[in-house]
$ cat model.csv   # CSV, C-alpha atoms
chain,number,residue,atom,x,y,z
E,1,MET,CA,36.1,9.8,-71.8
E,2,GLU,CA,36.2,6.1,-71.1
E,3,TYR,CA,35.8,3.7,-73.9
E,4,ARG,CA,32.6,1.6,-74.1
E,5,ASP,CA,34.5,-1.7,-74.1
E,6,LYS,CA,36.3,-0.7,-70.9
E,7,LYS,CA,33.0,0.0,-69.2
E,8,TYR,CA,31.7,-3.4,-70.2
E,9,ASP,CA,34.9,-4.9,-68.8
E,10,LYS,CA,34.4,-3.2,-65.5
E,11,TYR,CA,30.7,-4.3,-65.4
E,12,PHE,CA,31.6,-7.9,-66.2
E,13,LYS,CA,34.3,-7.9,-63.6
E,14,ALA,CA,32.0,-6.6,-61.0
E,15,LEU,CA,29.5,-9.4,-61.8
E,16,LYS,CA,32.2,-12.0,-61.8
E,17,ASP,CA,33.6,-10.8,-58.5
E,18,CYS,CA,30.1,-10.8,-57.0
E,19,LEU,CA,29.8,-14.5,-57.8
E,20,LYS,CA,33.3,-15.1,-56.6
E,21,ASP,CA,32.4,-13.6,-53.3
E,22,GLY,CA,29.5,-15.9,-52.9
E,23,GLY,CA,26.8,-13.6,-54.2
E,24,ASN,CA,23.6,-15.0,-55.7
E,25,TYR,CA,21.3,-13.9,-58.5
E,26,THR,CA,19.6,-11.2,-56.5
E,27,ASP,CA,23.1,-9.7,-55.8
E,28,LEU,CA,23.9,-9.8,-59.5
E,29,ARG,CA,20.6,-8.0,-60.2
E,30,LYS,CA,21.6,-5.2,-57.8
E,31,LEU,CA,24.6,-4.3,-60.0
E,32,GLN,CA,23.1,-1.9,-62.5
E,33,PRO,CA,24.8,-1.2,-65.9
E,34,THR,CA,24.1,2.5,-65.4
E,35,ASP,CA,26.5,2.5,-62.4
E,36,PHE,CA,29.2,1.6,-64.8
E,37,GLY,CA,28.3,4.3,-67.4
E,38,LEU,CA,26.4,1.9,-69.6
E,39,PRO,CA,22.8,2.3,-70.9
E,40,ASN,CA,20.1,0.0,-69.6
E,41,ARG,CA,19.5,-1.5,-73.0
E,42,GLU,CA,20.6,-1.4,-76.6
E,43,GLY,CA,17.6,-2.0,-78.8
E,44,ASP,CA,13.9,-2.4,-78.4
E,45,ARG,CA,13.5,-6.0,-77.3
E,46,ILE,CA,13.4,-7.1,-73.7
E,47,THR,CA,16.3,-9.5,-74.4
E,48,ASP,CA,18.4,-6.5,-75.5
E,49,GLY,CA,18.6,-5.5,-71.9
E,50,ILE,CA,22.3,-5.1,-71.1
E,51,GLN,CA,22.0,-6.2,-67.6
E,52,ARG,CA,20.2,-9.5,-68.5
E,53,GLN,CA,22.7,-10.3,-71.3
E,54,CYS,CA,25.7,-9.6,-69.1
E,55,ILE,CA,24.3,-11.7,-66.2
E,56,LEU,CA,23.6,-14.6,-68.6
E,57,TRP,CA,27.2,-14.5,-69.9
E,58,THR,CA,28.5,-14.3,-66.4
E,59,ILE,CA,26.5,-17.3,-65.4
E,60,SER,CA,27.7,-19.1,-68.5
E,61,THR,CA,31.3,-18.5,-67.8
E,62,GLU,CA,31.1,-19.2,-64.0
E,63,TYR,CA,29.4,-22.6,-64.5
E,64,LEU,CA,31.2,-23.4,-67.8
E,65,LEU,CA,27.9,-23.6,-69.6
E,66,PHE,CA,29.6,-22.3,-72.8
E,67,GLU,CA,31.6,-25.6,-73.0
E,68,THR,CA,29.2,-27.3,-75.4
E,69,ALA,CA,31.4,-30.4,-75.9
E,70,TYR,CA,31.5,-31.3,-72.3
E,71,SER,CA,28.0,-30.2,-71.1
E,72,PHE,CA,27.1,-33.8,-70.2
E,73,ASN,CA,29.8,-33.6,-67.5
E,74,LEU,CA,28.4,-30.5,-65.8
E,75,PRO,CA,25.9,-30.3,-63.0
E,76,GLU,CA,22.3,-30.0,-64.0
E,77,LEU,CA,21.0,-26.6,-64.8
E,78,ARG,CA,18.4,-26.9,-62.1
E,79,GLU,CA,21.1,-27.5,-59.5
E,80,ILE,CA,22.9,-24.4,-60.8
E,81,ALA,CA,19.7,-22.4,-60.5
E,82,LYS,CA,19.1,-23.6,-57.0
E,83,GLU,CA,22.6,-22.7,-55.9
E,84,LEU,CA,22.5,-19.4,-57.6
E,85,GLY,CA,19.0,-18.6,-56.3
E,86,SER,CA,17.8,-17.8,-59.8
E,87,PRO,CA,14.8,-18.9,-61.9
E,88,TYR,CA,15.5,-22.0,-63.9
E,89,SER,CA,14.7,-20.1,-67.1
E,90,ILE,CA,17.7,-17.8,-66.5
E,91,VAL,CA,20.2,-20.6,-66.3
E,92,LEU,CA,18.5,-22.2,-69.4
E,93,SER,CA,18.9,-19.0,-71.3
E,94,ALA,CA,22.6,-18.8,-70.2
E,95,TYR,CA,23.0,-22.4,-71.4
E,96,ASN,CA,21.4,-21.5,-74.7
E,97,LEU,CA,23.7,-18.5,-75.4
E,98,THR,CA,26.3,-20.7,-77.1
E,99,ARG,CA,23.8,-23.2,-78.5
E,100,ILE,CA,21.3,-21.3,-80.6
O,1,MET,CA,68.3,-62.7,-60.8
O,2,PRO,CA,64.8,-64.2,-61.1
O,3,ILE,CA,63.7,-65.5,-64.5
O,4,THR,CA,60.5,-63.8,-65.6
O,5,SER,CA,57.6,-65.4,-67.4
O,6,GLN,CA,58.3,-63.3,-70.4
O,7,GLU,CA,61.8,-64.7,-70.5
O,8,TYR,CA,60.4,-68.2,-70.2
O,9,LYS,CA,58.2,-67.4,-73.2
O,10,VAL,CA,61.1,-66.5,-75.4
O,11,MET,CA,63.6,-68.8,-73.7
O,12,PRO,CA,64.7,-71.5,-76.2
O,13,LYS,CA,63.6,-75.0,-75.4
O,14,LYS,CA,67.3,-76.0,-74.9
O,15,ASP,CA,67.7,-73.5,-72.1
O,16,ILE,CA,64.6,-74.9,-70.3
O,17,SER,CA,66.2,-78.3,-70.8
O,18,THR,CA,69.4,-77.0,-69.3
O,19,ILE,CA,67.6,-75.9,-66.2
O,20,ILE,CA,65.8,-79.3,-66.0
O,21,LYS,CA,69.1,-81.1,-66.3
O,22,SER,CA,71.6,-78.9,-64.4
O,23,GLY,CA,69.7,-76.0,-62.9
O,24,THR,CA,69.9,-75.2,-59.2
O,25,ALA,CA,67.1,-76.4,-57.0
O,26,ARG,CA,65.7,-72.9,-56.8
O,27,GLU,CA,65.7,-72.5,-60.6
O,28,ARG,CA,64.0,-75.8,-61.0
O,29,VAL,CA,61.3,-74.9,-58.4
O,30,LYS,CA,60.7,-71.6,-60.2
O,31,LEU,CA,60.3,-73.3,-63.5
O,32,LEU,CA,57.9,-75.9,-62.0
O,33,ALA,CA,56.0,-73.1,-60.2
O,34,GLU,CA,55.6,-71.2,-63.4
O,35,GLN,CA,54.2,-74.3,-65.1
O,36,ILE,CA,51.8,-75.1,-62.2
O,37,ALA,CA,50.5,-71.5,-62.2
O,38,ARG,CA,49.9,-71.6,-65.9
O,39,ASP,CA,48.0,-74.9,-65.5
O,40,LYS,CA,45.7,-73.4,-62.9
O,41,PHE,CA,44.8,-70.1,-64.4
O,42,VAL,CA,43.8,-69.3,-68.0
O,43,ASP,CA,45.2,-65.7,-67.7
O,44,ALA,CA,48.6,-66.9,-66.5
O,45,GLY,CA,49.9,-67.8,-70.0
O,46,ASP,CA,50.6,-70.9,-72.2
O,47,PRO,CA,52.3,-74.0,-70.9
O,48,ILE,CA,56.1,-74.0,-71.0
O,49,LEU,CA,56.8,-77.6,-70.1
O,50,THR,CA,55.7,-80.9,-71.7
O,51,GLU,CA,54.1,-83.5,-69.4
O,52,LYS,CA,57.3,-85.5,-69.5
O,53,GLU,CA,59.4,-82.5,-68.6
O,54,PHE,CA,57.1,-81.6,-65.8
O,55,PHE,CA,57.2,-85.2,-64.4
O,56,HIS,CA,61.0,-85.3,-64.7
O,57,LEU,CA,61.4,-81.9,-63.0
O,58,GLU,CA,59.1,-82.9,-60.1
O,59,GLN,CA,61.1,-86.0,-59.5
O,60,SER,CA,64.4,-84.1,-59.6
O,61,PHE,CA,64.4,-83.0,-56.0
O,62,LYS,CA,66.6,-85.6,-54.2
O,63,SER,CA,68.4,-84.2,-51.2
O,64,ASP,CA,66.7,-83.2,-48.0
O,65,LYS,CA,67.4,-79.6,-48.6
O,66,GLU,CA,65.9,-79.8,-52.1
O,67,ILE,CA,62.9,-81.6,-50.9
O,68,LYS,CA,62.4,-79.1,-48.1
O,69,LEU,CA,62.6,-76.3,-50.6
O,70,TYR,CA,60.1,-78.0,-52.9
O,71,ASN,CA,57.7,-78.7,-50.1
O,72,LYS,CA,57.9,-75.1,-49.0
O,73,PHE,CA,57.0,-74.1,-52.5
O,74,ARG,CA,54.1,-76.5,-52.7
O,75,LYS,CA,52.6,-75.2,-49.4
O,76,ALA,CA,53.0,-71.6,-50.5
O,77,ASP,CA,51.6,-72.4,-54.0
O,78,SER,CA,48.5,-74.0,-52.4
O,79,THR,CA,48.0,-70.9,-50.2
O,80,ILE,CA,48.5,-68.4,-53.0
O,81,THR,CA,46.1,-70.4,-55.3
O,82,ARG,CA,43.5,-70.4,-52.5
O,83,GLY,CA,44.0,-66.7,-52.0
O,84,ILE,CA,43.8,-65.9,-55.7
O,85,THR,CA,40.6,-68.0,-56.1
O,86,ASN,CA,39.0,-66.0,-53.3
O,87,LEU,CA,40.1,-62.7,-54.7
O,88,ASP,CA,38.8,-63.8,-58.1
O,89,GLY,CA,35.4,-64.8,-56.6
O,90,LEU,CA,35.0,-61.5,-54.8
O,91,LYS,CA,35.9,-59.7,-58.0
O,92,PHE,CA,32.6,-61.1,-59.5
O,93,GLU,CA,30.7,-59.7,-56.5
O,94,ILE,CA,32.3,-56.3,-57.2
O,95,LEU,CA,31.6,-56.6,-60.9
O,96,ASN,CA,28.0,-57.3,-60.1
O,97,HIS,CA,27.7,-54.1,-58.1
O,98,TYR,CA,29.5,-52.1,-60.8
O,99,THR,CA,27.1,-53.4,-63.4
O,100,ASN,CA,24.1,-52.4,-61.3
O,101,LEU,CA,25.5,-49.1,-60.5
O,102,ARG,CA,26.4,-48.4,-64.1
O,103,GLY,CA,22.9,-49.2,-65.2
O,104,TYR,CA,21.3,-46.9,-62.6
O,105,ILE,CA,23.8,-44.1,-63.4
O,106,PHE,CA,23.0,-44.3,-67.1
O,107,LEU,CA,19.3,-44.1,-66.3
O,108,TRP,CA,19.9,-41.0,-64.1
O,109,ASP,CA,22.1,-39.4,-66.8
O,110,ASN,CA,19.3,-40.1,-69.3
O,111,LEU,CA,16.7,-38.5,-67.1
O,112,GLN,CA,19.0,-35.4,-66.8
O,113,SER,CA,19.3,-35.2,-70.6
O,114,SER,CA,15.5,-35.7,-71.0
O,115,GLU,CA,14.8,-32.9,-68.6
O,116,LEU,CA,17.1,-30.6,-70.5
O,117,LEU,CA,15.7,-31.6,-73.8
O,118,VAL,CA,12.0,-31.1,-72.9
O,119,ASN,CA,12.7,-27.8,-71.1
O,120,SER,CA,14.7,-26.5,-74.1
O,121,ILE,CA,11.6,-27.1,-76.2
O,122,LEU,CA,9.3,-25.5,-73.5
O,123,HIS,CA,11.7,-22.6,-73.4
O,124,GLY,CA,10.5,-21.7,-76.9
O,125,ILE,CA,7.1,-20.9,-75.5
O,126,GLU,CA,7.3,-17.4,-74.2
O,127,ASN,CA,4.0,-17.2,-72.5
O,128,ARG,CA,4.4,-18.7,-69.0
O,129,GLU,CA,0.7,-19.7,-68.6
O,130,GLU,CA,0.7,-21.5,-71.9
O,131,ARG,CA,3.9,-23.2,-71.0
O,132,ILE,CA,2.5,-24.4,-67.7
O,133,LYS,CA,-0.6,-25.7,-69.4
O,134,ILE,CA,1.3,-27.6,-72.0
O,135,ALA,CA,3.8,-29.0,-69.5
O,136,GLU,CA,1.1,-30.1,-67.1
O,137,ASN,CA,-0.9,-31.8,-69.8
O,138,ARG,CA,2.0,-33.7,-71.2
O,139,ALA,CA,4.1,-34.7,-68.1
O,140,VAL,CA,3.8,-38.3,-66.8
O,141,LYS,CA,3.6,-37.6,-63.1
O,142,ARG,CA,5.4,-40.7,-61.8
O,143,SER,CA,7.8,-43.2,-63.2
O,144,LEU,CA,9.4,-46.2,-61.5
O,145,PHE,CA,12.3,-44.3,-59.9
O,146,ASN,CA,11.4,-40.7,-60.3
O,147,LYS,CA,8.7,-38.1,-59.9
O,148,ASN,CA,7.9,-35.5,-62.6
O,149,VAL,CA,6.6,-32.1,-61.5
O,150,VAL,CA,5.9,-28.8,-63.3
O,151,ASP,CA,7.7,-25.9,-61.7
O,152,LYS,CA,6.2,-22.5,-61.3
O,153,GLU,CA,7.7,-21.2,-64.5
O,154,GLY,CA,6.2,-24.1,-66.5
O,155,TYR,CA,9.3,-26.3,-66.8
O,156,ILE,CA,9.4,-30.0,-66.1
O,157,GLU,CA,11.5,-31.1,-63.1
O,158,ILE,CA,12.4,-34.8,-63.0
O,159,GLN,CA,13.0,-35.5,-59.3
O,160,VAL,CA,15.2,-38.4,-58.4
O,161,ASP,CA,16.3,-37.5,-54.9
O,162,GLY,CA,13.1,-38.2,-52.9
O,163,ASP,CA,12.5,-41.1,-50.6
O,164,LYS,CA,13.0,-44.5,-52.4
O,165,GLN,CA,13.8,-42.8,-55.6
O,166,LEU,CA,16.6,-43.3,-58.1
O,167,LEU,CA,19.3,-41.4,-56.2
O,168,ASP,CA,18.5,-43.4,-53.0
O,169,LEU,CA,19.0,-46.6,-54.9
O,170,ILE,CA,22.2,-45.4,-56.5
O,171,LYS,CA,23.6,-44.6,-53.1
O,172,ILE,CA,22.7,-48.0,-51.7
O,173,VAL,CA,24.4,-49.8,-54.6
O,174,SER,CA,27.4,-47.5,-54.4
O,175,LYS,CA,27.7,-48.3,-50.7
O,176,ASP,CA,27.6,-52.0,-51.3
O,177,ALA,CA,30.2,-51.7,-54.1
O,178,THR,CA,32.5,-49.7,-51.7
O,179,LYS,CA,32.1,-52.3,-49.0
O,180,SER,CA,33.0,-55.1,-51.4
O,181,VAL,CA,36.0,-53.2,-52.8
O,182,SER,CA,37.2,-52.5,-49.3
O,183,LYS,CA,36.9,-56.2,-48.4
O,184,TRP,CA,38.8,-57.1,-51.6
O,185,LEU,CA,41.6,-54.6,-50.8
O,186,GLY,CA,41.9,-56.2,-47.3
O,187,TRP,CA,42.3,-59.7,-48.8
O,188,TYR,CA,44.6,-58.4,-51.5
O,189,LYS,CA,46.8,-56.7,-48.9
O,190,ALA,CA,47.0,-59.9,-46.8
O,191,LEU,CA,47.9,-62.0,-49.8
O,192,LYS,CA,50.6,-59.6,-51.1
O,193,GLU,CA,52.1,-59.6,-47.6
O,194,TYR,CA,52.1,-63.4,-47.6
O,195,ILE,CA,53.8,-63.6,-51.0
O,196,ASP,CA,56.4,-61.1,-49.9
O,197,LYS,CA,57.0,-62.9,-46.7
O,198,GLU,CA,57.4,-66.3,-48.3
O,199,GLY,CA,59.5,-64.8,-51.1
O,200,VAL,CA,57.5,-66.8,-53.7
O,201,LYS,CA,57.6,-64.4,-56.7
O,202,ILE,CA,55.9,-66.3,-59.5
O,203,LYS,CA,55.4,-64.1,-62.5
O,204,ALA,CA,52.4,-66.1,-63.7
O,205,TYR,CA,50.6,-65.4,-60.4
O,206,SER,CA,51.5,-61.8,-60.6
O,207,LYS,CA,49.9,-61.6,-64.0
O,208,VAL,CA,46.7,-63.2,-62.8
O,209,LEU,CA,46.6,-60.9,-59.8
O,210,LYS,CA,47.2,-57.9,-62.0
O,211,SER,CA,44.3,-58.9,-64.2
O,212,ILE,CA,42.0,-59.2,-61.2
O,213,GLU,CA,43.2,-55.9,-59.9
O,214,GLU,CA,42.6,-54.1,-63.2
O,215,THR,CA,39.0,-55.3,-63.1
O,216,VAL,CA,38.4,-54.1,-59.6
O,217,PHE,CA,40.1,-50.7,-60.3
O,218,PHE,CA,38.2,-50.3,-63.6
O,219,ARG,CA,36.0,-47.2,-63.7
O,220,VAL,CA,32.3,-47.8,-63.3
O,221,VAL,CA,31.6,-45.1,-65.9
O,222,SER,CA,33.9,-43.0,-67.9
O,223,MET,CA,32.3,-39.6,-67.0
O,224,ASP,CA,34.3,-37.8,-64.3
O,225,LYS,CA,31.1,-36.1,-63.1
O,226,TYR,CA,30.0,-39.3,-61.3
O,227,TYR,CA,33.3,-39.3,-59.4
O,228,GLY,CA,32.4,-35.7,-58.2
O,229,GLU,CA,35.1,-34.3,-60.5
O,230,LEU,CA,35.3,-31.9,-63.3
O,231,ASP,CA,36.1,-33.5,-66.7
O,232,GLU,CA,39.9,-33.3,-67.0
O,233,LYS,CA,39.7,-31.3,-70.2
O,234,LEU,CA,37.5,-28.7,-68.4
O,235,ALA,CA,39.8,-28.7,-65.4
O,236,ASP,CA,42.5,-27.2,-67.6
O,237,ILE,CA,40.5,-23.9,-67.8
O,238,ASP,CA,42.4,-21.2,-65.9
O,239,GLU,CA,39.9,-20.3,-63.2
O,240,VAL,CA,37.5,-23.0,-62.4
O,241,SER,CA,34.9,-21.7,-59.9
O,242,PRO,CA,34.7,-23.6,-56.6
O,243,ARG,CA,31.0,-23.3,-56.9
O,244,ILE,CA,30.9,-25.8,-59.7
O,245,LEU,CA,33.2,-28.2,-57.9
O,246,LYS,CA,30.9,-28.0,-54.9
O,247,LEU,CA,27.8,-28.7,-57.1
O,248,LEU,CA,29.5,-31.8,-58.6
O,249,GLN,CA,29.6,-33.4,-55.2
O,250,LYS,CA,26.0,-34.4,-55.6
O,251,TYR,CA,27.1,-36.7,-58.5
O,252,ASN,CA,29.9,-38.3,-56.6
O,253,VAL,CA,28.4,-41.8,-56.5
O,254,CYS,CA,31.1,-44.0,-58.0
O,255,PRO,CA,33.5,-45.8,-55.6
O,256,ASP,CA,37.1,-44.9,-56.3
O,257,PRO,CA,39.3,-47.9,-55.2
O,258,TYR,CA,42.3,-45.6,-54.9
O,259,GLU,CA,40.5,-43.8,-52.1
O,260,ILE,CA,39.1,-46.8,-50.3
O,261,GLU,CA,40.8,-48.2,-47.3
O,262,PRO,CA,41.3,-52.0,-47.0
O,263,ASP,CA,38.8,-53.5,-44.6
O,264,LYS,CA,40.6,-54.5,-41.4
O,265,VAL,CA,38.2,-57.3,-40.5
O,266,ALA,CA,38.5,-58.8,-44.0
O,267,TYR,CA,42.3,-58.5,-43.8
O,268,ASN,CA,42.5,-60.3,-40.4
O,269,TRP,CA,40.1,-63.0,-41.6
O,270,PHE,CA,42.2,-63.6,-44.7
O,271,LYS,CA,45.3,-63.9,-42.6
O,272,SER,CA,43.9,-66.4,-40.2
O,273,GLN,CA,41.8,-68.5,-42.6
O,274,ILE,CA,43.7,-68.4,-45.9
O,275,THR,CA,47.3,-67.5,-45.4
O,276,GLY,CA,47.3,-69.0,-41.9
O,277,ASP,CA,49.6,-66.3,-40.5
O,278,GLU,CA,47.7,-65.7,-37.3
$ encode --input "model.csv" --output "structure tokens"
Amino acid sequence: MEYRDKKYDKYFKALKDCLKDGGNYTDLRKLQPTDFGLPNREGDRITDGIQRQCILWTISTEYLLFETAYSFNLPELREIAKELGSPYSIVLSAYNLTRI
Amino acid sequence: MPITSQEYKVMPKKDISTIIKSGTARERVKLLAEQIARDKFVDAGDPILTEKEFFHLEQSFKSDKEIKLYNKFRKADSTITRGITNLDGLKFEILNHYTNLRGYIFLWDNLQSSELLVNSILHGIENREERIKIAENRAVKRSLFNKNVVDKEGYIEIQVDGDKQLLDLIKIVSKDATKSVSKWLGWYKALKEYIDKEGVKIKAYSKVLKSIEETVFFRVVSMDKYYGELDEKLADIDEVSPRILKLLQKYNVCPDPYEIEPDKVAYNWFKSQITGDE
């Protein structure tokens, strides 16, 4: 039986590779956690959705949004959202992951 | 071995006296040149000769060969001074562009921060309809250089890249700055070539030129983003996505003198009108 962390690693890698290959937000949404042996959510709240959380972290690392000290030197979130083809709120949530 | 201005600075007065009394014509010309340069430009350094010494030195060229050397120096000195004065004048034009550009970039940067701040607050309102209502009621629709709209999710978008808006203005000023820098580089190249050709290496003039050059090459703003680059501390991260680098191109509005080619027309004009080479 595969360890849970390993499944997460695989899912994250797939999301990261998707962006690396030029994929957009819709392509990320197509990658389901269940395909990697993960449940859809862990908890009751909407924000507990594994797919959403993993996508947010993937966006955060891809666009360096986690770098709180240098955020003034990064492109605007709206530009990132346009490039990614995602709602602005998604990128804003990814930005907030390391700030709230 | 040429005597540097730094050496003059620390050179004991008696050594200067020795050059005045028994130095070769070339040494005397160099000493005189150093003093003349220091007289003309504040940045060149403190005087090294007294009035009496200067007069004595100026009268010390007796033979035809010495007078010829001295006259050659005076001609070159006059040309270099004219060249430096022109470069210094153009520097102020460049500084003016840089100041305008800096101001507009700071405004743009501030608008970006404002958008992020207001949307971070709006993000706390989970109900989309309510968010739209609040945003639409509060947003000022139009400012001098930007337009503010509420997007379909209820967040404020500060638009600066429409017709006659801030980004347009920034691009115009950036273009003007680039043009002036290119012209300056053309003139600078022509003057450097003239100095090399004439073999008039006066340290005080090099110092003045260096000071002008540093001003021209000074960064308009410190943020790498406005040069279309990732902050060097972020660039150390192992795998930087090409997507982010591509996005940063939108912000590449600062002229980088290291990347700008000298203007050929300006170069030729300088050679014909200032250094009289062609």
$ residues_near_point --input "model.csv" --point "(25.0, -21.8, -77.2)" --cutoff "10 Å" --atoms "all atoms listed in the file" --output "mmCIF file with C-alpha atoms, keeping the file's coordinate frame"
data_model
loop_
_atom_site.group_PDB
_atom_site.id
_atom_site.type_symbol
_atom_site.label_atom_id
_atom_site.label_comp_id
_atom_site.auth_asym_id
_atom_site.auth_seq_id
_atom_site.Cartn_x
_atom_site.Cartn_y
_atom_site.Cartn_z
ATOM 1 C CA SER E 60 27.700 -19.100 -68.500
ATOM 2 C CA LEU E 65 27.900 -23.600 -69.600
ATOM 3 C CA PHE E 66 29.600 -22.300 -72.800
ATOM 4 C CA GLU E 67 31.600 -25.600 -73.000
ATOM 5 C CA THR E 68 29.200 -27.300 -75.400
ATOM 6 C CA SER E 93 18.900 -19.000 -71.300
ATOM 7 C CA ALA E 94 22.600 -18.800 -70.200
ATOM 8 C CA TYR E 95 23.000 -22.400 -71.400
ATOM 9 C CA ASN E 96 21.400 -21.500 -74.700
ATOM 10 C CA LEU E 97 23.700 -18.500 -75.400
ATOM 11 C CA THR E 98 26.300 -20.700 -77.100
ATOM 12 C CA ARG E 99 23.800 -23.200 -78.500
ATOM 13 C CA ILE E 100 21.300 -21.300 -80.600
#
$ interface_residues --input "model.csv" --of "chain E" --to "chain O" --cutoff "7 Å" --atoms "only C-alpha atoms" --output "VMD selection string"
chain E and resid 62 to 63 73 to 76
$ atom_distance --input "model.csv" --atom1 "atom CA of E:Lys30" --atom2 "atom CA of E:Trp57"
16.3 Å
$ closest_residue --input "model.csv" --among "O:Val181, O:Leu107, O:Ile80, O:Val173" --to "O:Lys271" --atoms "only C-alpha atoms"
O:Ile80
$ atom_distance --input "model.csv" --atom1 "atom CA of O:Asp196" --atom2 "atom CA of O:Glu214"
20.4 Å
$ atom_distance --input "model.csv" --atom1 "atom CA of O:Glu193" --atom2 "atom CA of O:Phe270"
11.1 Å
$ residues_around --input "model.csv" --residues "O:Ser60" --least-positions-apart "3" --cutoff "9 Å" --atoms "all atoms listed in the file" --output "list in words"
Ile20, Lys21, Ala25, Arg28, Phe55, His56, Leu57 and Glu66 of chain O
$ residues_around --input "model.csv" --residues "O:Ile172" --least-positions-apart "6" --cutoff "12 Å" --atoms "all atoms listed in the file" --output "list in words"
His97, Asn100, Leu101, Tyr104, Lys164, Gln165, Leu166, Thr178, Lys179, Val253, Cys254 and Pro255 of chain O
$ closest_residue --input "model.csv" --among "O:Asp88, O:Asp46, O:Glu27, O:Glu58" --to "O:Val208" --atoms "only C-alpha atoms"
O:Asp88
$ closest_residue --input "model.csv" --among "E:Ala69, E:Leu92, E:Ile59, E:Ala81" --to "E:Lys20" --atoms "only C-alpha atoms"
E:Ile59
$ closest_residue --input "model.csv" --among "O:Lys68, O:Lys75, O:Lys91, O:Lys30" --to "O:Ile212" --atoms "all atoms listed in the file"
O:Lys91
$ residues_around --input "model.csv" --residues "E:Thr26" --least-positions-apart "6" --cutoff "10 Å" --atoms "all atoms listed in the file" --output "compact mmCIF listing (two decimals) with C-alpha atoms, in the coordinates of the input"
# COMPACT_ATOMS: atom_id res chain seq x y z
CA LEU E 84 22.50 -19.40 -57.60
CA GLY E 85 19.00 -18.60 -56.30
CA SER E 86 17.80 -17.80 -59.80
$ decode --input "model.csv" --residues "stretch 53-96 of chain O" --atoms "C-alpha atoms" --output "CSV table (one decimal), in the first residue's frame"
chain,number,residue,atom,x,y,z
O,53,GLU,CA,53.5,78.2,-10.3
O,54,PHE,CA,50.9,78.0,-13.0
O,55,PHE,CA,52.2,81.2,-14.6
O,56,HIS,CA,55.8,80.0,-14.3
O,57,LEU,CA,54.9,76.6,-15.8
O,58,GLU,CA,53.0,78.2,-18.7
O,59,GLN,CA,56.0,80.3,-19.6
O,60,SER,CA,58.4,77.4,-19.4
O,61,PHE,CA,57.9,76.1,-22.9
O,62,LYS,CA,60.7,77.7,-24.9
O,63,SER,CA,61.9,75.6,-27.8
O,64,ASP,CA,59.8,75.1,-31.0
O,65,LYS,CA,59.3,71.4,-30.1
O,66,GLU,CA,58.0,72.3,-26.6
O,67,ILE,CA,55.7,75.1,-27.9
O,68,LYS,CA,54.3,72.7,-30.5
O,69,LEU,CA,53.6,70.1,-27.8
O,70,TYR,CA,52.0,72.8,-25.6
O,71,ASN,CA,49.8,74.1,-28.4
O,72,LYS,CA,48.8,70.6,-29.3
O,73,PHE,CA,47.7,70.1,-25.7
O,74,ARG,CA,45.8,73.4,-25.6
O,75,LYS,CA,43.9,72.5,-28.7
O,76,ALA,CA,43.0,69.0,-27.4
O,77,ASP,CA,42.2,70.5,-24.0
O,78,SER,CA,39.7,72.9,-25.6
O,79,THR,CA,38.1,70.1,-27.6
O,80,ILE,CA,37.8,67.8,-24.6
O,81,THR,CA,36.3,70.6,-22.5
O,82,ARG,CA,33.7,71.3,-25.2
O,83,GLY,CA,33.0,67.6,-25.4
O,84,ILE,CA,32.6,67.2,-21.7
O,85,THR,CA,30.4,70.3,-21.4
O,86,ASN,CA,28.1,68.8,-24.1
O,87,LEU,CA,28.0,65.4,-22.4
O,88,ASP,CA,27.3,67.1,-19.1
O,89,GLY,CA,24.4,69.1,-20.6
O,90,LEU,CA,22.9,66.0,-22.2
O,91,LYS,CA,23.2,64.3,-18.8
O,92,PHE,CA,20.6,66.8,-17.5
O,93,GLU,CA,18.2,66.0,-20.3
O,94,ILE,CA,18.6,62.3,-19.4
O,95,LEU,CA,18.2,63.0,-15.7
O,96,ASN,CA,15.0,64.9,-16.5
